[in-house]
file query-v7.cif (mmCIF, C-alpha atoms)
data_protein
loop_
_atom_site.label_atom_id
_atom_site.label_comp_id
_atom_site.auth_asym_id
_atom_site.auth_seq_id
_atom_site.Cartn_x
_atom_site.Cartn_y
_atom_site.Cartn_z
CA ILE A 108 23.13 13.96 2.64
CA LEU A 109 20.59 12.27 0.39
CA LYS A 110 17.62 14.62 0.19
CA PRO A 111 15.07 13.53 -2.44
CA LYS A 112 12.64 16.01 -3.98
CA SER A 113 9.83 13.49 -3.57
CA THR A 114 9.23 10.21 -1.76
CA SER A 115 7.63 8.37 -4.69
CA TRP A 116 10.77 6.27 -5.11
CA ILE A 117 10.36 4.67 -1.68
CA ALA A 118 8.36 1.43 -1.56
CA PHE A 119 5.38 1.56 0.75
CA LYS A 120 5.17 -1.58 2.88
CA HIS A 121 2.19 -0.20 4.78
CA PRO A 122 -0.20 2.45 3.47
CA SER A 123 1.33 4.77 6.04
CA SER A 124 4.93 3.59 6.23
CA ILE A 125 8.14 3.57 4.26
CA HIS A 126 10.68 0.74 4.27
CA PHE A 127 14.18 0.76 2.79
CA THR A 128 17.77 -0.34 3.37
CA THR A 129 20.67 2.09 3.59
CA ASP A 130 24.13 2.55 5.06
CA ALA A 131 23.35 6.04 6.37
CA SER A 132 24.67 7.04 9.78
CA ALA A 133 21.53 9.00 10.65
CA ILE A 134 18.07 9.87 9.37
CA ARG A 135 16.38 13.22 9.80
CA LEU A 136 12.64 13.65 9.32
CA LYS A 137 10.50 16.77 9.12
CA ILE A 138 6.71 16.45 8.98
CA ARG A 139 3.57 18.55 9.13
CA THR A 140 0.42 17.18 10.77
CA VAL A 141 -3.16 18.36 10.22
CA VAL A 142 -6.15 17.16 12.25
CA THR A 143 -8.76 15.42 10.08
CA CYS A 144 -11.00 13.67 12.62
CA TYR A 145 -11.68 13.65 16.36
CA THR A 146 -8.22 12.35 17.33
CA GLN A 147 -5.47 14.95 17.69
CA PHE A 148 -2.64 12.88 19.18
CA PHE A 149 -0.05 11.38 16.87
CA CYS A 150 3.15 9.37 16.86
CA MET A 151 5.64 8.48 14.12
CA ASP A 152 7.76 5.41 14.87
CA VAL A 153 11.25 4.95 13.44
CA TYR A 154 12.78 1.46 13.32
CA ALA A 155 16.23 0.17 12.40
CA ASP A 156 16.56 -3.59 11.90
CA LYS A 157 13.18 -4.18 13.56
CA THR A 158 14.11 -2.21 16.70
CA CYS A 159 12.40 1.08 17.52
CA ILE A 160 15.08 3.78 17.75
CA GLY A 161 12.80 6.74 18.40
CA THR A 162 9.56 8.57 17.74
CA ILE A 163 8.17 11.94 16.79
CA GLN A 164 5.04 12.55 18.86
CA ASN A 165 2.89 15.33 20.28
CA TYR A 166 1.96 13.68 23.58
CA PRO A 167 3.99 13.17 26.79
CA GLU A 168 5.86 9.93 27.45
CA ASP A 169 3.88 9.37 30.64
CA MET A 170 0.46 9.85 29.06
CA GLU A 171 -2.20 7.71 30.71
CA GLU A 172 -3.33 4.54 28.95
CA THR A 173 -6.97 5.62 28.49
CA GLY A 174 -9.00 8.80 28.07
CA TYR A 175 -6.77 10.53 25.52
CA ILE A 176 -8.66 9.75 22.30
CA ASP A 177 -10.48 13.09 22.06
CA ARG A 178 -8.13 15.26 24.12
CA PRO A 179 -6.61 18.36 22.43
CA PHE A 180 -2.96 18.12 21.33
CA GLU A 181 -0.87 20.57 19.32
CA ASN A 182 -0.31 19.82 15.65
CA GLY A 183 1.88 21.47 13.01
CA GLU A 184 5.52 21.02 12.00
CA TYR A 185 7.79 18.59 13.85
CA SER A 186 11.29 17.31 13.15
CA ALA A 187 13.84 14.97 14.70
CA ALA A 188 17.08 13.16 13.87
CA PHE A 189 17.85 9.53 14.68
CA GLU A 190 21.27 7.85 14.71
CA LEU A 191 21.48 4.56 12.83
CA PRO A 192 23.70 1.51 13.45
CA SER A 193 26.90 1.25 11.46
CA GLY A 194 26.83 -0.64 8.19
CA SER A 195 23.80 -1.59 6.12
CA HIS A 196 20.47 -1.74 7.89
CA ALA A 197 16.73 -1.82 7.23
CA VAL A 198 14.82 1.34 8.14
CA GLU A 199 11.07 1.50 8.64
CA VAL A 200 9.10 4.68 9.36
CA TYR A 201 5.47 4.29 10.48
CA PHE A 202 3.20 7.29 10.01
CA PRO A 203 0.14 7.99 12.19
CA TRP A 204 -3.18 6.88 10.71
CA SER A 205 -5.36 9.32 12.66
CA LEU A 206 -4.47 12.58 10.94
CA GLN A 207 -2.97 13.93 7.74
CA THR A 208 0.83 13.72 7.79
CA GLU A 209 2.93 15.44 5.15
CA LEU A 210 6.55 14.38 4.79
CA LEU A 211 8.42 17.65 4.28
CA GLU A 212 11.99 16.35 4.47
CA LEU A 213 13.78 13.01 4.66
CA GLU A 214 17.55 13.32 4.93
CA LEU A 215 20.08 10.49 5.14
CA GLU A 216 23.54 11.40 6.41
CA ASN A 217 26.67 9.73 4.96
CA ALA A 218 24.58 7.41 2.81
CA SER A 219 26.03 5.80 -0.32
CA PHE A 220 22.85 3.94 -1.25
CA LEU A 221 19.14 3.58 -0.58
CA GLU A 222 17.11 0.60 -1.77
CA PRO A 223 13.34 0.18 -1.28
CA VAL A 224 12.07 -2.98 0.38
CA LYS A 225 9.13 -4.40 -1.56
CA PRO A 226 7.00 -7.11 0.07
CA LYS A 227 5.96 -9.95 -2.23
CA LYS A 228 2.53 -10.52 -0.66
CA GLN A 229 -0.44 -8.39 0.40
CA PHE A 230 -2.64 -8.53 3.50
CA LEU A 231 -6.09 -6.88 3.46
CA LEU A 232 -7.91 -6.19 6.74
CA TYR A 233 -11.55 -5.19 7.28
CA GLY A 234 -12.94 -4.34 10.72
CA GLY A 235 -13.73 -1.65 13.28
CA SER A 236 -11.72 0.64 15.54
CA VAL A 237 -9.65 -2.16 17.09
CA SER A 238 -8.48 -3.28 13.66
CA GLN A 239 -7.98 0.34 12.63
CA GLY A 240 -5.83 0.96 15.69
CA THR A 241 -7.87 3.91 16.94
CA ALA A 242 -6.45 3.97 20.46
CA ALA A 243 -2.92 2.83 19.60
CA GLN A 244 -0.39 5.37 20.85
CA ASN A 245 2.21 3.89 18.46
CA PRO A 246 1.15 3.11 14.88
CA SER A 247 3.61 0.22 14.64
CA GLU A 248 1.97 -1.54 17.60
CA THR A 249 -1.44 -2.24 16.09
CA TYR A 250 -2.29 -5.90 15.64
CA GLY A 251 -2.81 -5.42 11.91
CA VAL A 252 0.72 -4.13 11.46
CA LYS A 253 2.14 -6.90 13.63
CA LEU A 254 0.23 -9.54 11.67
CA SER A 255 1.39 -8.11 8.33
CA GLN A 256 4.99 -8.22 9.58
CA TRP A 257 4.58 -11.87 10.56
CA LEU A 258 3.07 -12.59 7.14
CA GLU A 259 5.84 -10.56 5.45
CA SER A 260 3.15 -8.73 3.49
CA GLU A 261 2.13 -5.26 2.44
CA PHE A 262 -0.61 -4.13 4.84
CA VAL A 263 -3.80 -2.58 3.43
CA CYS A 264 -6.22 -1.57 6.18
CA LYS A 265 -9.86 -0.99 5.19
CA SER A 266 -11.04 -0.88 8.81
CA VAL A 267 -13.34 1.94 9.91
CA GLY A 268 -13.92 2.98 13.51
CA SER A 269 -17.43 2.13 14.85
CA GLU A 270 -18.26 0.15 11.69
CA VAL A 271 -20.48 -2.94 11.79
CA TYR A 272 -20.33 -5.90 9.40
CA PHE A 273 -20.48 -4.18 5.99
CA PRO A 274 -19.86 -6.48 3.00
CA GLU A 275 -20.58 -3.65 0.54
CA LEU A 276 -17.23 -2.14 1.52
CA ALA A 277 -15.45 -4.99 -0.26
CA GLU A 278 -17.13 -3.95 -3.50
CA CYS A 279 -15.44 -0.53 -3.52
CA LYS A 280 -12.71 -0.60 -6.17
CA SER A 281 -10.54 2.30 -5.07
CA GLU A 282 -7.22 0.73 -6.01
CA ASN A 283 -5.64 -2.31 -7.59
CA LEU A 284 -5.56 -4.95 -4.88
CA ALA A 285 -4.51 -8.58 -5.20
CA PRO A 286 -4.40 -9.73 -1.57
CA ASP A 287 -2.87 -13.04 -0.62
CA TYR A 288 -4.57 -12.82 2.79
CA ILE A 289 -7.96 -11.29 3.68
CA MET A 290 -9.25 -10.92 7.23
CA ALA A 291 -12.64 -9.60 8.39
CA ALA A 292 -12.73 -8.73 12.10
CA TYR A 293 -16.23 -7.51 12.93
CA GLY A 294 -18.44 -8.24 15.91
CA SER A 295 -17.98 -5.89 18.86
CA ASN A 296 -19.72 -2.92 17.21
CA ASP A 297 -22.47 -5.17 15.84
CA TRP A 298 -23.21 -6.43 19.34
CA TYR A 299 -23.15 -2.91 20.79
CA ASN A 300 -25.02 -0.97 18.07
CA LEU A 301 -27.49 -3.47 16.54
CA THR A 302 -30.33 -5.55 17.84
CA TYR A 303 -29.59 -9.12 18.83
CA GLU A 304 -31.31 -10.46 15.70
CA ASP A 305 -29.43 -8.12 13.37
CA ALA A 306 -26.10 -8.87 15.06
CA ARG A 307 -26.72 -12.62 14.83
CA GLN A 308 -27.67 -12.32 11.18
#
call {"tool": "encode", "arguments": {"input": "query-v7.cif", "output": "structure tokens"}}
result
Amino acid sequence: ILKPKSTSWIAFKHPSSIHFTTDASAIRLKIRTVVTCYTQFFCMDVYADKTCIGTIQNYPEDMEETGYIDRPFENGEYSAAFELPSGSHAVEVYFPWSLQTELLELELENASFLEPVKPKKQFLLYGGSVSQGTAAQNPSETYGVKLSQWLESEFVCKSVGSEVYFPELAECKSENLAPDYIMAAYGSNDWYNLTYEDARQ
């Protein structure tokens, strides 16, 4: 079992994901979730060779498609193990965006190696809740993540739920960014929250 003391050695393809190749026969994850905003539901998606092999989540499989954003769900410690295909394979783990998630353990069974996957390009996205993925039950299914996968780029999401067009946000220098692609997806909140003249401007 490979059981690192920290996860700093794993390349982050997405601000809330880890991506690596390994020949492990299984991966075991243990996490702790803490509510930080109005959403209490969460899901962690685990992929092997671009196929979802399982999730860790605190909502039922048959949860309705709407009306769950502000419903109460239990948070705390969760763990699960996932079998991996034989041979070498690419593993991606997508963390939920909507609450604080602490990775307590990451164990790889029968692994002889682990190599981080480092994207060569970077995709920066500004927008509102749709771009943020507010209502996405699975973090890997947001359009921003899908677009970054198609672009083969690291995904940096600067989207904020309910936000209107806000160019000042681009002036915030919180990290070293050198994006190859930049997308601004505003409009729906402007039309809903502002006057017609302000939205048009």
call {"tool": "resolve_selection", "arguments": {"input": "query-v7.cif", "expression": "the PyMOL selection byres ((chain A and resi 240-257) around 10)", "output": "count of residues only"}}
result
55
call {"tool": "closest_residue", "arguments": {"input": "query-v7.cif", "among": "A:Ala306, A:Val271, A:Ala188, A:Cys279", "to": "A:Tyr293", "atoms": "only C-alpha atoms"}}
result
A:Val271
call {"tool": "atom_distance", "arguments": {"input": "query-v7.cif", "atom1": "atom CA of A:Asn296", "atom2": "atom CA of A:Glu275"}}
result
16.7 Å
call {"tool": "closest_residue", "arguments": {"input": "query-v7.cif", "among": "A:Thr208, A:Gly194, A:Ala277, A:Glu270", "to": "A:Ile138", "atoms": "all atoms listed in the file"}}
result
A:Thr208
call {"tool": "atom_distance", "arguments": {"input": "query-v7.cif", "atom1": "atom CA of A:Ser295", "atom2": "atom CA of A:Phe180"}}
result
28.4 Å
call {"tool": "resolve_selection", "arguments": {"input": "query-v7.cif", "expression": "the PyMOL selection byres ((chain A and resi 197) around 6)", "output": "list in words"}}
result
Phe127, Thr128, Ala155, Asp156, His196 and Val198 of chain A
call {"tool": "residues_around", "arguments": {"input": "query-v7.cif", "residues": "A:Gly183", "least_positions_apart": "5", "cutoff": "12 Å", "atoms": "all atoms listed in the file", "output": "MDAnalysis selection string"}}
result
chainID A and resid 137:142 147:149 164:165 206:211
call {"tool": "residues_around", "arguments": {"input": "query-v7.cif", "residues": "A:Asp130", "least_positions_apart": "5", "cutoff": "12 Å", "atoms": "all atoms listed in the file", "output": "list in words"}}
result
Ile108, Leu109, Ala155, Asp156, Glu190, Leu191, Pro192, Ser193, Gly194, Ser195, His196, Ala197, Val198, Leu215, Glu216, Asn217, Ala218, Ser219, Phe220, Leu221 and Glu222 of chain A
call {"tool": "atom_distance", "arguments": {"input": "query-v7.cif", "atom1": "atom CA of A:Lys280", "atom2": "atom CA of A:Val224"}}
result
25.7 Å
call {"tool": "closest_residue", "arguments": {"input": "query-v7.cif", "among": "A:Ile160, A:Ala285, A:Leu213, A:Leu301", "to": "A:Ile134", "atoms": "only C-alpha atoms"}}
result
A:Leu213
call {"tool": "decode", "arguments": {"input": "query-v7.cif", "residues": "stretch 258-272 of chain A", "atoms": "N, CA, C and O atoms", "output": "PDB file, in the first residue's frame"}}
result
ATOM      1  N   LEU A 258      -9.971  20.718 -23.884  1.00  0.00           N
ATOM      2  CA  LEU A 258      -8.825  21.572 -24.175  1.00  0.00           C
ATOM      3  C   LEU A 258      -7.522  20.997 -23.629  1.00  0.00           C
ATOM      4  O   LEU A 258      -6.455  21.566 -23.863  1.00  0.00           O
ATOM      5  N   GLU A 259      -7.612  19.898 -22.887  1.00  0.00           N
ATOM      6  CA  GLU A 259      -6.449  19.264 -22.257  1.00  0.00           C
ATOM      7  C   GLU A 259      -5.679  20.287 -21.424  1.00  0.00           C
ATOM      8  O   GLU A 259      -4.465  20.435 -21.539  1.00  0.00           O
ATOM      9  N   SER A 260      -6.420  20.997 -20.574  1.00  0.00           N
ATOM     10  CA  SER A 260      -5.852  22.099 -19.810  1.00  0.00           C
ATOM     11  C   SER A 260      -6.186  21.993 -18.330  1.00  0.00           C
ATOM     12  O   SER A 260      -7.201  21.409 -17.948  1.00  0.00           O
ATOM     13  N   GLU A 261      -5.329  22.585 -17.514  1.00  0.00           N
ATOM     14  CA  GLU A 261      -5.650  22.787 -16.107  1.00  0.00           C
ATOM     15  C   GLU A 261      -6.837  23.731 -16.030  1.00  0.00           C
ATOM     16  O   GLU A 261      -6.912  24.718 -16.760  1.00  0.00           O
ATOM     17  N   PHE A 262      -7.794  23.445 -15.160  1.00  0.00           N
ATOM     18  CA  PHE A 262      -9.011  24.249 -15.051  1.00  0.00           C
ATOM     19  C   PHE A 262      -8.943  25.128 -13.809  1.00  0.00           C
ATOM     20  O   PHE A 262      -8.820  24.631 -12.697  1.00  0.00           O
ATOM     21  N   VAL A 263      -9.019  26.441 -14.011  1.00  0.00           N
ATOM     22  CA  VAL A 263      -9.076  27.397 -12.903  1.00  0.00           C
ATOM     23  C   VAL A 263     -10.404  28.126 -13.003  1.00  0.00           C
ATOM     24  O   VAL A 263     -10.653  28.869 -13.956  1.00  0.00           O
ATOM     25  N   CYS A 264     -11.276  27.895 -12.035  1.00  0.00           N
ATOM     26  CA  CYS A 264     -12.626  28.464 -12.069  1.00  0.00           C
ATOM     27  C   CYS A 264     -12.718  29.653 -11.115  1.00  0.00           C
ATOM     28  O   CYS A 264     -12.564  29.500  -9.905  1.00  0.00           O
ATOM     29  N   LYS A 265     -12.966  30.834 -11.665  1.00  0.00           N
ATOM     30  CA  LYS A 265     -13.153  32.050 -10.876  1.00  0.00           C
ATOM     31  C   LYS A 265     -14.625  32.469 -10.876  1.00  0.00           C
ATOM     32  O   LYS A 265     -14.940  33.625 -10.620  1.00  0.00           O
ATOM     33  N   SER A 266     -15.506  31.525 -11.166  1.00  0.00           N
ATOM     34  CA  SER A 266     -16.935  31.828 -11.219  1.00  0.00           C
ATOM     35  C   SER A 266     -17.516  31.922  -9.810  1.00  0.00           C
ATOM     36  O   SER A 266     -17.092  31.208  -8.909  1.00  0.00           O
ATOM     37  N   VAL A 267     -18.490  32.813  -9.646  1.00  0.00           N
ATOM     38  CA  VAL A 267     -19.120  33.050  -8.353  1.00  0.00           C
ATOM     39  C   VAL A 267     -20.627  33.025  -8.540  1.00  0.00           C
ATOM     40  O   VAL A 267     -21.157  33.759  -9.388  1.00  0.00           O
ATOM     41  N   GLY A 268     -21.326  32.207  -7.765  1.00  0.00           N
ATOM     42  CA  GLY A 268     -22.767  32.117  -7.863  1.00  0.00           C
ATOM     43  C   GLY A 268     -23.447  33.465  -7.661  1.00  0.00           C
ATOM     44  O   GLY A 268     -23.066  34.234  -6.768  1.00  0.00           O
ATOM     45  N   SER A 269     -24.425  33.794  -8.513  1.00  0.00           N
ATOM     46  CA  SER A 269     -25.226  35.021  -8.478  1.00  0.00           C
ATOM     47  C   SER A 269     -24.462  36.258  -8.935  1.00  0.00           C
ATOM     48  O   SER A 269     -25.003  37.366  -8.898  1.00  0.00           O
ATOM     49  N   GLU A 270     -23.218  36.094  -9.379  1.00  0.00           N
ATOM     50  CA  GLU A 270     -22.418  37.250  -9.785  1.00  0.00           C
ATOM     51  C   GLU A 270     -22.872  37.800 -11.132  1.00  0.00           C
ATOM     52  O   GLU A 270     -23.320  37.063 -12.002  1.00  0.00           O
ATOM     53  N   VAL A 271     -22.778  39.130 -11.260  1.00  0.00           N
ATOM     54  CA  VAL A 271     -23.017  39.804 -12.541  1.00  0.00           C
ATOM     55  C   VAL A 271     -21.661  40.155 -13.143  1.00  0.00           C
ATOM     56  O   VAL A 271     -20.622  39.949 -12.509  1.00  0.00           O
ATOM     57  N   TYR A 272     -21.683  40.673 -14.369  1.00  0.00           N
ATOM     58  CA  TYR A 272     -20.437  41.044 -15.055  1.00  0.00           C
ATOM     59  C   TYR A 272     -19.593  41.912 -14.128  1.00  0.00           C
ATOM     60  O   TYR A 272     -20.018  42.971 -13.669  1.00  0.00           O
TER      61      TYR A 272
END
